[in-house]
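To start, the structure itself, in structure tokens.
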There are 4 protein chains.
Amino acid sequence: MPPTRRRGPDLTEAIMRTTVELGQELGYARLSIEAIAARAGVGKHTVYRRWPSKGALLLDSLLSVNGAALDYPDTGDVLADLRTQIHAIVELLGRAPLDSLFRAMIGEAQHDTGVAAALNERFIAPQARKTVVRLEKAREQGQLSPDFDLDLAMTILSGPLYFRLLITQEPLTPAYVDRVLKALFTGMRPRP
Amino acid sequence: MPPTRRRGPDLTEAIMRTTVELGQELGYARLSIEAIAARAGVGKHTVYRRWPSKGALLLDSLLSVNGAALDYPDTGDVLADLRTQIHAIVELLGRAPLDSLFRAMIGEAQHDTGVAAALNERFIAPQARKTVVRLEKAREQGQLSPDFDLDLAMTILSGPLYFRLLITQEPLTPAYVDRVLKALFTGMRPRP
Amino acid sequence: MPPTRRRGPDLTEAIMRTTVELGQELGYARLSIEAIAARAGVGKHTVYRRWPSKGALLLDSLLSVNGAALDYPDTGDVLADLRTQIHAIVELLGRAPLDSLFRAMIGEAQHDTGVAAALNERFIAPQARKTVVRLEKAREQGQLSPDFDLDLAMTILSGPLYFRLLITQEPLTPAYVDRVLKALFTGMRPRP
Amino acid sequence: MPPTRRRGPDLTEAIMRTTVELGQELGYARLSIEAIAARAGVGKHTVYRRWPSKGALLLDSLLSVNGAALDYPDTGDVLADLRTQIHAIVELLGRAPLDSLFRAMIGEAQHDTGVAAALNERFIAPQARKTVVRLEKAREQGQLSPDFDLDLAMTILSGPLYFRLLITQEPLTPAYVDRVLKALFTGMRPRP
DNA sequence: TAGTAATCGAGACGGTACGTCAAGTCTTGTC
DNA sequence: GACAAGACTTGACGTACCGTCTCGATTACTA
């Protein structure tokens with residue numbers, strides 16, 4: 001007798017794990033719901049009941065399997081804290097073996113409204129919010145010029161990173177991150 | 001009697017026009033080489049002889065149909081010239097009806113190496129080069145701090161733009177562009 | 001509050017009624033146990049507990065909803081009685097709206113042994129028996145040649161009817177029935 | 001190098017052979033276009049391009065693989081010729097291994113208009129016509145009563161046969177055929 | 001000017017996956 | 001314990017495109 005039939009949350013978990021696993025083996029283009037279901041030992045319907053598309057499934061899988069924490073440290077030194085945090089993100093999005101899946105998922109967001117929305121709500125926006133909150137605290141402590149636009153700062157921090165990741169597709173080195181950080185802080189520091 | 005059978009360059013042109021046209025009607029996801037060939041009144045072979053994939057065809061089509069010019073003006077005022085140029089790019093990538101196809105094509109580059117390479121070589125790198133060249137000229141004329149990293153400047157200029165375009169997918173307003181420009185120049189200007 | 005939950009025989013009845021009803025709406029091919037259960041407001045289990053297959057359910061439903069009577073009259077005139085009886089059968093099997101379901105059920109019997117057996121035991125054989133009994137009585141009364149094979153007579157009476165119903169699928173007109181009857185009686189009458 | 005790719009008629013033939021073969025192995029209910037295509041080494045589309053449904057395919061397959069001849073002999077003796085012909089039909093429809101497929105196909109005709117029409121046009125009607133033609137000749141030669149309805153005779157000949165085949169599903173013995181024939185001829189013979 | 005090679009349209013072909021449907025089994029919680 | 005509800009695996013459905021491959025026209029170049 002096989003173990004009692006699996007249900008609900010167990011299955012959801014198992015399918016997401018399989019998705020990431022198989023995605024790494026095959027690459028996004030050759031990844032199919034058909035294959036995921038087969039590998040997970042699950043009917044296709046069981047997948048479709050939970051996710052409307054390959055993109056949505058991959059998004060969920062990546063975030064749930066890995067996107068857990070990424071919370072800002074607060075050591076009192078903004079620059080150091082930002083660097084720590086960005087390095088963590090780079091580690092997640094820009095390093096093998098998950099980088100290509102993350103890139104593919106963002107690619108999917110370009111022609112799948114649902115994926116785009118979920119990506120923003122569940123990953124991008126929260127990260128952005130944390131960054132801004134950390135910057136606000138620094139400003140209150142006089143570490144930043146009081147009239148600098150912090151939303152813009154967040155954008156200038158993130159933009160170049162994603163530019164490298166998605167557009168030029170050069171490796172995201174710590175050095176690059178540091179150069180961006182330094183340039184930004186030069187502009188943000190309170191003038192004497 | 002049908003018009004004499006078309007060949008070579010004519011066909012290439014016609015197929016690319018059809019691609020953009022049909023891409024706008026159907027969206028990238030539902031666009032297929034099958035449909036393009038049918039609409040263009042062309043055998044599938046004729047398409048495959050010219051392009052290896054849907055992504056490559058779309059890239060070619062978008063760049064050939066539209067990406068022609070985008071050359072930097074030189075009025076002597078760097079800031080104004082950059083603004084002009086960036087507005088032109090935003091107009092191209094961020095405005096209906098082509099924005100969604102451009103976004104889809106960049107999305108495709110995330111899991112198609114060939115598209116990624118071509119996108120860089122034929123669009124991104126040339127633009128970047130032009131930007132850097134224009135900045136260099138400005139620096140020679142003392143408009144910029146002599147120790148600022150111009151490659152980095154280019155990245156900080158482009159990054160937030162693509163971040164908005166691809167990640168948060170908010171509209172690319174002139175105001176946003178100007179805020180980025182202003183922040184960057186605050187950091188780049190020679191200190192008194 | 002819904003009416004108190006139904007049980008046993010009530011349910012059996014309700015399911016069979018729904019089957020015939022839905023069968024008429026959708027046709028046999030698109031009829032499904034899934035849909036019947038849903039329409040009857042019943043769990044699938046409750047259906048499967050009672051019938052092993054769609055065919056078996058339909059057979060039961062048709063016979064129970066309608067196949068009740070069909071008993072031979074006995075007016076003393078064999079020919080008239082046979083005609084009456086056959087017309088009743090034709091009315092049942094060959095007229096809208098149940099004809100197509102009856103035909104489909106007989107069709108099902110062609111690849112479902114259980115349906116075939118049940119169809120014979122519960123409908124065909126009893127009818128045949130009644131016919132033969134009526135003929136025997138007529139023979140005893142000297143209305144038929146004493147050496148005619150009455151089983152064969154029954155077959156010659158039924159066969160052409162089902163041939164029209166199932167094979168040529170032309171309408172079963174009273175005229176046709178009468179022609180068969182007349183021809184048969186010409187052969188069955190005692191020779192002078 | 002594999003042999004040059006198969007086309008058109010070759011494939012049609014191969015698919016029909018596979019259909020009959022697989023139909024015998026699995027039975028009609030478990031026969032699927034999916035399996036046929038796989039076994040024949042053919043894409044599903046290649047099957048659907050040729051036939052609209054499993055029933056239509058099976059009909060074609062059975063008739064093409066086997067239903068070739070079945071032409072009436074003419075020895076001058078009507079009764080003998082009819083017997084010969086009917087025995088041939090019984091051999092085809094009523095004997096393993098094809099009987100169950102033939103029955104299933106006729107079953108399918110009960111809820112598939114297309115199959116019903118094709119079955120009639122391509123098998124039933126031609127056979128009926130041949131029978132009537134043979135009977136007409138016999139009547140011209142004075143072997144039959146001049147006022148007997150020959151269409152009806154055909155029906156009385158065929159009906160009982162299909163009745164046994166489809167309804168009671170008893171074996172179609174030569175003895176049964178002969179009893180029907182004898183009864184019919186008793187009615188058809190010219191009275192002295 | 002004829003012959004030959006390339007190019008074309010059309011679309012058949014073997015595949016792969018799609019997203020849907022229903023089958024029949026099993027689980028959960030309610031009555 | 002019977003029930004409604006519905007999750008689950010399985011398997012097939014019929015469709016859409018993929019990229020490759022004939023097949024005969026044209027069409028252009030070569031001899």
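To be explicit about the labels: the chains of the structure tokens are called A, B, and onward in the order shown, and within each one the residues are counted from 1, while ligands get numbers from 1 in the order they are shown.
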
Would you pick out the contacts of stretch 121-134 of chain C at 10 Å or less, using only C-alpha atoms (C1' of nucleotides), so that residues sharing its chain but fewer than 4 positions from it are not included, and give the list as a PDB file with N, CA, C and O atoms, in the first residue's frame?
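Writing the result to out05.pdb gives the following:
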ATOM      1  N   LEU C  59     -29.256   2.692 -19.302  1.00  0.00           N
ATOM      2  CA  LEU C  59     -30.181   1.578 -19.484  1.00  0.00           C
ATOM      3  C   LEU C  59     -31.227   1.562 -18.383  1.00  0.00           C
ATOM      4  O   LEU C  59     -32.436   1.571 -18.641  1.00  0.00           O
ATOM      5  N   ASP C  60     -30.752   1.562 -17.170  1.00  0.00           N
ATOM      6  CA  ASP C  60     -31.666   1.583 -16.026  1.00  0.00           C
ATOM      7  C   ASP C  60     -32.619   2.753 -16.102  1.00  0.00           C
ATOM      8  O   ASP C  60     -33.825   2.621 -15.852  1.00  0.00           O
ATOM      9  N   LEU C  63     -35.262   2.360 -18.963  1.00  0.00           N
ATOM     10  CA  LEU C  63     -36.265   1.332 -18.688  1.00  0.00           C
ATOM     11  C   LEU C  63     -37.150   1.728 -17.517  1.00  0.00           C
ATOM     12  O   LEU C  63     -38.363   1.491 -17.534  1.00  0.00           O
ATOM     13  N   GLY C  67     -39.911   2.217 -19.716  1.00  0.00           N
ATOM     14  CA  GLY C  67     -40.136   0.911 -20.322  1.00  0.00           C
ATOM     15  C   GLY C  67     -41.113   0.016 -19.579  1.00  0.00           C
ATOM     16  O   GLY C  67     -41.139  -1.191 -19.801  1.00  0.00           O
ATOM     17  N   ALA C  68     -41.878   0.601 -18.725  1.00  0.00           N
ATOM     18  CA  ALA C  68     -42.715  -0.177 -17.835  1.00  0.00           C
ATOM     19  C   ALA C  68     -43.590  -1.199 -18.561  1.00  0.00           C
ATOM     20  O   ALA C  68     -43.294  -2.400 -18.580  1.00  0.00           O
ATOM     21  N   LEU C  70     -45.855  -2.035 -21.957  1.00  0.00           N
ATOM     22  CA  LEU C  70     -45.686  -2.759 -23.205  1.00  0.00           C
ATOM     23  C   LEU C  70     -46.200  -4.205 -23.127  1.00  0.00           C
ATOM     24  O   LEU C  70     -45.507  -5.148 -23.521  1.00  0.00           O
ATOM     25  N   ASP C  71     -47.393  -4.354 -22.598  1.00  0.00           N
ATOM     26  CA  ASP C  71     -47.946  -5.707 -22.548  1.00  0.00           C
ATOM     27  C   ASP C  71     -48.888  -5.966 -23.719  1.00  0.00           C
ATOM     28  O   ASP C  71     -49.580  -5.075 -24.192  1.00  0.00           O
ATOM     29  N   TYR C  72     -48.890  -7.208 -24.143  1.00  0.00           N
ATOM     30  CA  TYR C  72     -49.714  -7.570 -25.282  1.00  0.00           C
ATOM     31  C   TYR C  72     -51.196  -7.511 -24.952  1.00  0.00           C
ATOM     32  O   TYR C  72     -51.617  -8.018 -23.921  1.00  0.00           O
ATOM     33  N   PRO C  73     -51.935  -6.920 -25.819  1.00  0.00           N
ATOM     34  CA  PRO C  73     -53.398  -7.030 -25.702  1.00  0.00           C
ATOM     35  C   PRO C  73     -53.814  -8.387 -26.276  1.00  0.00           C
ATOM     36  O   PRO C  73     -53.024  -9.042 -26.951  1.00  0.00           O
ATOM     37  N   ASP C  74     -54.990  -8.774 -25.986  1.00  0.00           N
ATOM     38  CA  ASP C  74     -55.505  -9.991 -26.630  1.00  0.00           C
ATOM     39  C   ASP C  74     -56.965  -9.792 -27.011  1.00  0.00           C
ATOM     40  O   ASP C  74     -57.875 -10.006 -26.210  1.00  0.00           O
ATOM     41  N   GLY C  76     -58.217 -11.364 -29.612  1.00  0.00           N
ATOM     42  CA  GLY C  76     -58.636 -12.500 -30.411  1.00  0.00           C
ATOM     43  C   GLY C  76     -58.082 -12.440 -31.830  1.00  0.00           C
ATOM     44  O   GLY C  76     -57.899 -13.462 -32.480  1.00  0.00           O
ATOM     45  N   VAL C  78     -54.933 -11.990 -33.854  1.00  0.00           N
ATOM     46  CA  VAL C  78     -53.475 -11.931 -33.710  1.00  0.00           C
ATOM     47  C   VAL C  78     -52.854 -10.773 -34.455  1.00  0.00           C
ATOM     48  O   VAL C  78     -52.041 -10.030 -33.919  1.00  0.00           O
ATOM     49  N   ASP C  81     -53.414  -7.580 -32.829  1.00  0.00           N
ATOM     50  CA  ASP C  81     -52.696  -7.477 -31.556  1.00  0.00           C
ATOM     51  C   ASP C  81     -51.197  -7.246 -31.768  1.00  0.00           C
ATOM     52  O   ASP C  81     -50.571  -6.421 -31.092  1.00  0.00           O
ATOM     53  N   LEU C  82     -50.637  -7.992 -32.722  1.00  0.00           N
ATOM     54  CA  LEU C  82     -49.211  -7.786 -33.022  1.00  0.00           C
ATOM     55  C   LEU C  82     -48.971  -6.350 -33.473  1.00  0.00           C
ATOM     56  O   LEU C  82     -48.047  -5.676 -33.030  1.00  0.00           O
ATOM     57  N   GLN C  85     -49.044  -3.967 -30.591  1.00  0.00           N
ATOM     58  CA  GLN C  85     -47.856  -4.087 -29.772  1.00  0.00           C
ATOM     59  C   GLN C  85     -46.629  -3.482 -30.449  1.00  0.00           C
ATOM     60  O   GLN C  85     -45.855  -2.737 -29.836  1.00  0.00           O
ATOM     61  N   ILE C  86     -46.443  -3.800 -31.695  1.00  0.00           N
ATOM     62  CA  ILE C  86     -45.264  -3.277 -32.414  1.00  0.00           C
ATOM     63  C   ILE C  86     -45.325  -1.764 -32.502  1.00  0.00           C
ATOM     64  O   ILE C  86     -44.317  -1.073 -32.354  1.00  0.00           O
ATOM     65  N   ILE C  89     -44.011  -0.399 -29.387  1.00  0.00           N
ATOM     66  CA  ILE C  89     -42.548  -0.445 -29.316  1.00  0.00           C
ATOM     67  C   ILE C  89     -41.925   0.642 -30.187  1.00  0.00           C
ATOM     68  O   ILE C  89     -40.993   1.345 -29.790  1.00  0.00           O
ATOM     69  N   VAL C 115     -23.961  -4.122 -20.370  1.00  0.00           N
ATOM     70  CA  VAL C 115     -25.135  -3.463 -20.938  1.00  0.00           C
ATOM     71  C   VAL C 115     -25.867  -4.413 -21.875  1.00  0.00           C
ATOM     72  O   VAL C 115     -27.103  -4.508 -21.849  1.00  0.00           O
ATOM     73  N   ALA C 116     -25.107  -5.122 -22.695  1.00  0.00           N
ATOM     74  CA  ALA C 116     -25.726  -6.047 -23.635  1.00  0.00           C
ATOM     75  C   ALA C 116     -26.562  -7.083 -22.884  1.00  0.00           C
ATOM     76  O   ALA C 116     -27.723  -7.352 -23.240  1.00  0.00           O
ATOM     77  N   ALA C 117     -25.993  -7.635 -21.850  1.00  0.00           N
ATOM     78  CA  ALA C 117     -26.694  -8.659 -21.087  1.00  0.00           C
ATOM     79  C   ALA C 117     -27.962  -8.087 -20.441  1.00  0.00           C
ATOM     80  O   ALA C 117     -29.064  -8.653 -20.555  1.00  0.00           O
ATOM     81  N   ALA C 138     -52.379 -18.024 -30.838  1.00  0.00           N
ATOM     82  CA  ALA C 138     -53.026 -17.936 -32.148  1.00  0.00           C
ATOM     83  C   ALA C 138     -52.925 -19.260 -32.888  1.00  0.00           C
ATOM     84  O   ALA C 138     -53.879 -19.697 -33.544  1.00  0.00           O
ATOM     85  N   ARG C 139     -51.789 -19.891 -32.777  1.00  0.00           N
ATOM     86  CA  ARG C 139     -51.630 -21.165 -33.466  1.00  0.00           C
ATOM     87  C   ARG C 139     -52.596 -22.194 -32.904  1.00  0.00           C
ATOM     88  O   ARG C 139     -53.225 -22.952 -33.652  1.00  0.00           O
ATOM     89  N   ASP C 149     -42.312 -21.976 -37.468  1.00  0.00           N
ATOM     90  CA  ASP C 149     -41.403 -21.783 -36.335  1.00  0.00           C
ATOM     91  C   ASP C 149     -41.655 -20.409 -35.716  1.00  0.00           C
ATOM     92  O   ASP C 149     -41.344 -19.375 -36.292  1.00  0.00           O
ATOM     93  N   LEU C 150     -42.231 -20.410 -34.509  1.00  0.00           N
ATOM     94  CA  LEU C 150     -42.668 -19.134 -33.940  1.00  0.00           C
ATOM     95  C   LEU C 150     -41.516 -18.268 -33.430  1.00  0.00           C
ATOM     96  O   LEU C 150     -41.602 -17.050 -33.447  1.00  0.00           O
ATOM     97  N   ASP C 151     -40.448 -18.899 -32.963  1.00  0.00           N
ATOM     98  CA  ASP C 151     -39.260 -18.105 -32.615  1.00  0.00           C
ATOM     99  C   ASP C 151     -38.753 -17.354 -33.838  1.00  0.00           C
ATOM    100  O   ASP C 151     -38.403 -16.171 -33.776  1.00  0.00           O
ATOM    101  N   LEU C 152     -38.753 -18.074 -34.933  1.00  0.00           N
ATOM    102  CA  LEU C 152     -38.317 -17.455 -36.176  1.00  0.00           C
ATOM    103  C   LEU C 152     -39.244 -16.314 -36.558  1.00  0.00           C
ATOM    104  O   LEU C 152     -38.810 -15.243 -36.996  1.00  0.00           O
ATOM    105  N   ALA C 153     -40.539 -16.543 -36.372  1.00  0.00           N
ATOM    106  CA  ALA C 153     -41.509 -15.486 -36.679  1.00  0.00           C
ATOM    107  C   ALA C 153     -41.211 -14.233 -35.878  1.00  0.00           C
ATOM    108  O   ALA C 153     -41.227 -13.113 -36.394  1.00  0.00           O
ATOM    109  N   MET C 154     -40.942 -14.448 -34.616  1.00  0.00           N
ATOM    110  CA  MET C 154     -40.613 -13.306 -33.761  1.00  0.00           C
ATOM    111  C   MET C 154     -39.399 -12.553 -34.316  1.00  0.00           C
ATOM    112  O   MET C 154     -39.382 -11.333 -34.409  1.00  0.00           O
ATOM    113  N   THR C 155     -38.391 -13.301 -34.701  1.00  0.00           N
ATOM    114  CA  THR C 155     -37.177 -12.701 -35.261  1.00  0.00           C
ATOM    115  C   THR C 155     -37.455 -11.923 -36.544  1.00  0.00           C
ATOM    116  O   THR C 155     -36.910 -10.844 -36.775  1.00  0.00           O
ATOM    117  N   LEU C 157     -40.157 -10.611 -37.333  1.00  0.00           N
ATOM    118  CA  LEU C 157     -40.943  -9.434 -36.989  1.00  0.00           C
ATOM    119  C   LEU C 157     -40.041  -8.324 -36.429  1.00  0.00           C
ATOM    120  O   LEU C 157     -40.166  -7.144 -36.792  1.00  0.00           O
ATOM    121  N   SER C 158     -39.152  -8.706 -35.534  1.00  0.00           N
ATOM    122  CA  SER C 158     -38.317  -7.712 -34.847  1.00  0.00           C
ATOM    123  C   SER C 158     -37.158  -7.231 -35.715  1.00  0.00           C
ATOM    124  O   SER C 158     -36.816  -6.044 -35.725  1.00  0.00           O
TER     125      SER C 158
ATOM    126  N   ILE D 167     -28.555  -7.309 -31.231  1.00  0.00           N
ATOM    127  CA  ILE D 167     -29.488  -7.252 -30.118  1.00  0.00           C
ATOM    128  C   ILE D 167     -29.358  -8.456 -29.188  1.00  0.00           C
ATOM    129  O   ILE D 167     -29.051  -8.306 -28.016  1.00  0.00           O
ATOM    130  N   THR D 168     -29.600  -9.625 -29.722  1.00  0.00           N
ATOM    131  CA  THR D 168     -29.495 -10.783 -28.831  1.00  0.00           C
ATOM    132  C   THR D 168     -28.049 -11.258 -28.720  1.00  0.00           C
ATOM    133  O   THR D 168     -27.690 -11.948 -27.776  1.00  0.00           O
TER     134      THR D 168
END

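Selected on chain F by distance to chain A: DA7, DC8, DT9 and DT10 of chain F (within 10 Å, counting only C-alpha atoms (C1' of nucleotides)).
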
Residue list (alpha helix (DSSP H), DSSP) for stretch 111-187 of chain A, as a PyMOL selection string: chain A and resi 113-119+125-140+150-162+174-187

8 Å contact set for A:Ala104, only C-alpha atoms (C1' of nucleotides), chain neighbours under 3 positions out, as a list of chain:residue names: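 Near neighbours after the sequence-gap exclusion: A:Tyr28, A:Ser100, A:Leu101, A:Gly107, A:Glu108, B:Gly107, B:Gln110, B:His111.
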
N, CA, C and O atoms of the current selection, written as a tab-separated table (two decimals), in the first residue's frame:
chain	number	residue	atom	x	y	z
A	28	TYR	N	14.56	27.46	-18.79
A	28	TYR	CA	13.16	27.88	-18.80
A	28	TYR	C	12.43	27.51	-20.08
A	28	TYR	O	11.28	27.09	-20.05
A	100	SER	N	19.65	32.18	-13.90
A	100	SER	CA	19.00	32.10	-15.20
A	100	SER	C	17.49	31.95	-15.04
A	100	SER	O	16.72	32.48	-15.85
A	101	LEU	N	17.06	31.26	-14.00
A	101	LEU	CA	15.61	31.12	-13.78
A	101	LEU	C	15.01	32.47	-13.37
A	101	LEU	O	13.92	32.83	-13.81
A	107	GLY	N	11.85	37.96	-17.46
A	107	GLY	CA	11.55	38.00	-18.89
A	107	GLY	C	10.08	37.70	-19.13
A	107	GLY	O	9.42	38.38	-19.92
A	108	GLU	N	9.58	36.70	-18.45
A	108	GLU	CA	8.17	36.33	-18.61
A	108	GLU	C	7.26	37.50	-18.23
A	108	GLU	O	6.20	37.70	-18.83
B	107	GLY	N	12.55	40.63	-22.95
B	107	GLY	CA	12.19	39.46	-22.16
B	107	GLY	C	12.75	38.20	-22.80
B	107	GLY	O	13.29	37.33	-22.12
B	110	GLN	N	16.20	37.07	-22.16
B	110	GLN	CA	16.52	36.45	-20.88
B	110	GLN	C	16.67	34.93	-20.98
B	110	GLN	O	17.27	34.31	-20.10
B	111	HIS	N	16.09	34.33	-22.01
B	111	HIS	CA	16.37	32.90	-22.15
B	111	HIS	C	16.78	32.52	-23.57
B	111	HIS	O	16.66	31.37	-23.96

Distance of atom CA of A:Ser53 from atom CA of A:Phe102, expressed in Å to one decimal place: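 Calculated distance between atom CA of A:Phe102 and atom CA of A:Ser53 is 15.9 Å.
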
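Between atom CA of C:Ile36 and atom CA of C:Tyr48 the separation is 11.4 Å.
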
Close residues, E:DA17 itself excluded, 10 Å, only C-alpha atoms (C1' of nucleotides), min 6 positions apart in chain, as number ranges by chain: A: 32-35; F: 16-17

Nearest-residue call for F:DA2, choices C:Leu11, C:Leu62, C:Ala40, C:Leu119, using only C-alpha atoms (C1' of nucleotides):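 Result for the nearest residue to F:DA2: C:Leu11.
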
Counting only C-alpha atoms, the option among A:Val47, A:Leu98, A:Lys137, A:Gly55 closest to A:Ala29: A:Gly55

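The shortest atom-to-atom distance to E:DG24, with only C-alpha atoms (C1' of nucleotides) taken into account, belongs to C:Lys54 out of C:Val65, C:Ile106, C:Lys54, C:Arg30.
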
Residues of chain E within 10 Å of chain D, only C-alpha atoms (C1' of nucleotides) counted, as JSON, numbers by chain: {"E": [12, 13, 14, 15]}

Create the file for the chosen residues now, containing N, CA, C and O atoms (P, O5', C5', C4', C3', O3' and C1' of nucleotides) and written as a short mmCIF file (atom, residue, chain, number, x, y, z; two decimals), in the first residue's frame.
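selection.cif was written with the following content:
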data_model
loop_
_atom_site.label_atom_id
_atom_site.label_comp_id
_atom_site.auth_asym_id
_atom_site.auth_seq_id
_atom_site.Cartn_x
_atom_site.Cartn_y
_atom_site.Cartn_z
P DA E 12 -1.60 19.75 -46.10
"O5'" DA E 12 -0.96 18.29 -46.00
"C5'" DA E 12 -0.32 17.76 -47.16
"C4'" DA E 12 0.88 16.94 -46.74
"C3'" DA E 12 0.65 16.06 -45.51
"O3'" DA E 12 1.26 14.79 -45.77
"C1'" DA E 12 2.50 17.50 -45.14
P DC E 13 0.93 13.60 -44.86
"O5'" DC E 13 2.04 13.67 -43.72
"C5'" DC E 13 3.39 13.35 -44.08
"C4'" DC E 13 4.35 13.76 -42.99
"C3'" DC E 13 4.02 13.28 -41.59
"O3'" DC E 13 4.63 12.01 -41.41
"C1'" DC E 13 5.06 15.46 -41.64
P DG E 14 4.32 11.22 -40.07
"O5'" DG E 14 5.38 11.79 -39.02
"C5'" DG E 14 6.73 11.42 -39.14
"C4'" DG E 14 7.53 11.95 -37.97
"C3'" DG E 14 7.14 11.37 -36.61
"O3'" DG E 14 8.33 11.25 -35.84
"C1'" DG E 14 6.78 13.71 -36.61
P DG E 15 8.31 10.63 -34.36
"O5'" DG E 15 8.68 11.88 -33.46
"C5'" DG E 15 7.66 12.80 -33.23
"C4'" DG E 15 8.27 14.02 -32.63
"C3'" DG E 15 7.85 14.11 -31.17
"O3'" DG E 15 8.97 14.38 -30.35
"C1'" DG E 15 6.94 15.93 -32.47
#

Between atom CA of A:Ala14 and atom CA of A:Leu58 - distance in Å to one decimal: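 Pair atom CA of A:Leu58 / atom CA of A:Ala14 returns 12.9 Å.
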